Each structure stands twice: as C-alpha cells, then as structure tokens.
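Enquirer: My questions all concern the structure below.
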Amino acid sequence: MERDPAARSALEVFLCYPGLHAILMHRISHWLWRHDFRLPARILSQISRGFTGIEIHPGAQIGPGLFIDHGMGVVIGETTEIGENVTLFQGVTLGGTGKEHGKRHPTIGNNVLIGVGAKVLGAITIGDNSIIGAGAVVLKNVPPDCTAVGVPARIVKEGDRKVQDFHHEQLPDPVTQMFQNLNERLNKLERQVASHQQEQPAEVKSKK
C-alpha cells in the first residue's frame, strides 16, 4: 500500500497482487526446505511459479517488506539473500553465472530498489539503499547508497539518496555520455585543424 500508488485497498492487494501471493507461498516452501522436505518445497514453488509468473527458489532467504511490483518474469535463485524493504520490478533476475556450487546468487541489502528487467548475477553484494537501473546487468559488488546503470552496470551515483525519490526517467546514461564527450573532442580537433590551415602563409599554400 505504501509503495504502489495503484493500490486502492488492502483487499485488492490481497486478491490481485501476484507479488504478494508469491511471497506468501515462498514462506511456506522455505519452511519446508529448511526442514528437509525438499521435494514438496520444490513442487510448491513450481505451483507458485505457474500461478504468479514469479519464480522463487524455496532455498532463497527473503527478509520482511519485500515488494514485487507486477512481478511477471521475476527469478530469484536458491542462494539469494534479500534484506528488508527491498523493491523488485518485473523481469528482475537474481541469478547465478554458471554451474558453481555453494553461494552463487546475490546478496541484496536493505532498502534496495532494482528496476525493470535488471539482472544481478553471481555471488555479489548490493549494498543498503542502492538503486539498480532498469535493464542493468550487474556483475560486480555495488557499495551502499549508490546507483548503478548500464550493461555491464556502472556506478553513476554515490552518496546518500532515498529509494523513495527514485525516478527511472532521471537515470543518467554513461554510454551516451561517453559518445557525447568523444563527439565534442572530435569537433574541437576539427576546428583546430581548420584554424591552423587558415593561418598558413599564402606562399606555403601556393607551393602545395
């Protein structure tokens, strides 16, 4: 209710929000998983996946306050750890990078927001209060209070910033900025060459 302006009532959220349904069913499947009822846990998680479009492995550890907005296509791997008050948008993947054993999925800190279609891969850590932009592919640790965007993701903001103030349309694009900088330097060099040619003496030009 606090994080979705479209939510009009608690009853609507309870009946119509697949993110809530997926989390409730995960609580049960995670209990089964921890008590070594592994097959029933996996079966329940698969039922939840078909019902909600959200795949959460029963081994994943999820803290209180997780909000999955819309949720379709969200994947959360087995060794994922999610802190408190995390927000995931649709299409987010918290996955691994290969066939390694042990800890192979991300650790997400508290108050983290992960945008639409972002992929956070491997046994990396996303620090508290950080923001992962839509479509980003994160392969390295992100410190607390940072914003990361791009493929592969680059940190473009550091320092304190509230997740509630996040707006997708205000994210900087480091690749576009790099090309803009290169274009400005090229234009500057072209102007310098043109100016140098104009300053050459007339006899030098005639010999040429």
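Following the order of the structure tokens, chains are lettered A, B, ..., residues in each are numbered from 1, and ligands are numbered from 1.
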Among range 85-160 of chain A, which residues carry a DSSP assignment of strand (DSSP E), reported as a PyMOL selection string?

Expert: chain A and resi 87-88+93-95+107-108+113-114+119-121+125-126+131-132+137-138+146-149+154-158

Enquirer: For the residues in that selection, give me C-alpha atoms as a tab-separated table (two decimals), in the first residue's frame.

Expert:
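Saved to result24.tsv:
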```
chain	number	residue	atom	x	y	z
A	87	THR	CA	11.60	-3.47	-4.16
A	88	LEU	CA	11.82	-5.58	-7.33
A	93	THR	CA	16.69	-11.81	-12.24
A	94	LEU	CA	18.74	-12.55	-9.14
A	95	GLY	CA	20.71	-15.40	-10.64
A	107	THR	CA	23.06	-10.80	-1.54
A	108	ILE	CA	20.72	-7.79	-1.60
A	113	LEU	CA	15.39	-0.92	-5.46
A	114	ILE	CA	16.02	-2.99	-8.61
A	119	LYS	CA	19.91	-8.78	-13.97
A	120	VAL	CA	22.04	-9.19	-10.84
A	121	LEU	CA	24.27	-12.21	-11.39
A	125	THR	CA	26.55	-7.88	-2.85
A	126	ILE	CA	24.27	-4.92	-3.46
A	131	ILE	CA	19.42	1.54	-6.83
A	132	ILE	CA	19.87	-0.70	-9.86
A	137	VAL	CA	23.37	-6.17	-15.84
A	138	VAL	CA	25.24	-6.17	-12.54
A	146	CYS	CA	24.92	4.01	-4.97
A	147	THR	CA	23.10	3.97	-8.30
A	148	ALA	CA	24.26	1.54	-11.00
A	149	VAL	CA	23.09	1.51	-14.63
A	154	ARG	CA	28.50	1.15	-13.88
A	155	ILE	CA	28.14	3.15	-10.68
A	156	VAL	CA	26.92	6.62	-11.64
A	157	LYS	CA	25.83	7.97	-8.28
A	158	GLU	CA	27.43	7.73	-4.85
```

Enquirer: What is the distance, in Å and to one decimal place, between CA of Gly127 in chain A and CA of Asn111 in chain A?

Expert: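 Computing it gives 9.0 Å between the two atoms.
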
Enquirer: Could you check which of A:Gly91, A:Gly83, A:Pro144, A:Gly77 is closest to Arg104 in chain A, using only C-alpha atoms?

Expert: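 Looking at the shortest contact to Arg104 in chain A, the residue is A:Gly77.
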
Enquirer: Which residues, written as a PDB file with C-alpha atoms, in the first residue's frame, have at least one atom at most 12 Å from Glu55 in chain A, with only C-alpha atoms counted and residues fewer than 2 positions away on the same chain left out?

Expert:
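Writing done, so here's part-v8.pdb:
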```pdb
ATOM      1  CA  PRO A  18       0.867 -11.792  -7.649  1.00  0.00           C
ATOM      2  CA  GLY A  19       3.935 -10.473  -5.831  1.00  0.00           C
ATOM      3  CA  HIS A  21       0.889 -14.355  -3.470  1.00  0.00           C
ATOM      4  CA  ALA A  22       4.412 -15.443  -4.482  1.00  0.00           C
ATOM      5  CA  ILE A  23       5.915 -14.226  -1.209  1.00  0.00           C
ATOM      6  CA  MET A  25       3.749 -19.232  -0.889  1.00  0.00           C
ATOM      7  CA  HIS A  26       7.507 -18.822  -0.619  1.00  0.00           C
ATOM      8  CA  SER A  29       8.021 -23.557   0.692  1.00  0.00           C
ATOM      9  CA  ARG A  42      10.079 -27.504  -4.975  1.00  0.00           C
ATOM     10  CA  ILE A  43       6.619 -28.659  -6.027  1.00  0.00           C
ATOM     11  CA  LEU A  44       5.002 -25.750  -4.165  1.00  0.00           C
ATOM     12  CA  SER A  45       7.448 -23.279  -5.699  1.00  0.00           C
ATOM     13  CA  GLN A  46       6.584 -24.592  -9.170  1.00  0.00           C
ATOM     14  CA  ILE A  47       2.871 -24.224  -8.453  1.00  0.00           C
ATOM     15  CA  SER A  48       3.550 -20.678  -7.310  1.00  0.00           C
ATOM     16  CA  ARG A  49       5.536 -20.005 -10.479  1.00  0.00           C
ATOM     17  CA  GLY A  50       2.664 -21.156 -12.697  1.00  0.00           C
ATOM     18  CA  PHE A  51       0.128 -19.182 -10.682  1.00  0.00           C
ATOM     19  CA  THR A  52       2.045 -15.899 -10.353  1.00  0.00           C
ATOM     20  CA  GLY A  53       4.708 -15.854 -13.093  1.00  0.00           C
ATOM     21  CA  HIS A  57      13.566 -20.983  -5.230  1.00  0.00           C
ATOM     22  CA  PRO A  58      12.479 -22.305  -1.815  1.00  0.00           C
ATOM     23  CA  GLY A  59      16.058 -22.025  -0.556  1.00  0.00           C
ATOM     24  CA  ALA A  60      16.174 -18.250  -1.063  1.00  0.00           C
ATOM     25  CA  ILE A  68       7.485  -7.277  -6.074  1.00  0.00           C
ATOM     26  CA  GLY A  71       6.275  -9.404 -10.883  1.00  0.00           C
ATOM     27  CA  MET A  72       5.938 -11.268 -14.169  1.00  0.00           C
ATOM     28  CA  GLY A  73       9.266 -12.855 -15.102  1.00  0.00           C
ATOM     29  CA  VAL A  74      10.989 -12.290 -11.748  1.00  0.00           C
ATOM     30  CA  VAL A  75      13.504 -15.054 -10.931  1.00  0.00           C
ATOM     31  CA  ILE A  76      15.178 -15.441  -7.513  1.00  0.00           C
ATOM     32  CA  GLY A  77      17.854 -18.143  -7.211  1.00  0.00           C
ATOM     33  CA  GLU A  78      18.468 -20.670  -4.459  1.00  0.00           C
ATOM     34  CA  GLN A  90       9.014  -7.071 -13.295  1.00  0.00           C
ATOM     35  CA  GLY A  91      11.619  -9.071 -15.184  1.00  0.00           C
ATOM     36  CA  VAL A  92      14.292  -8.867 -12.479  1.00  0.00           C
ATOM     37  CA  THR A  93      16.687 -11.812 -12.243  1.00  0.00           C
ATOM     38  CA  LEU A  94      18.737 -12.547  -9.137  1.00  0.00           C
ATOM     39  CA  GLY A  95      20.707 -15.403 -10.641  1.00  0.00           C
TER      40      GLY A  95
END
```
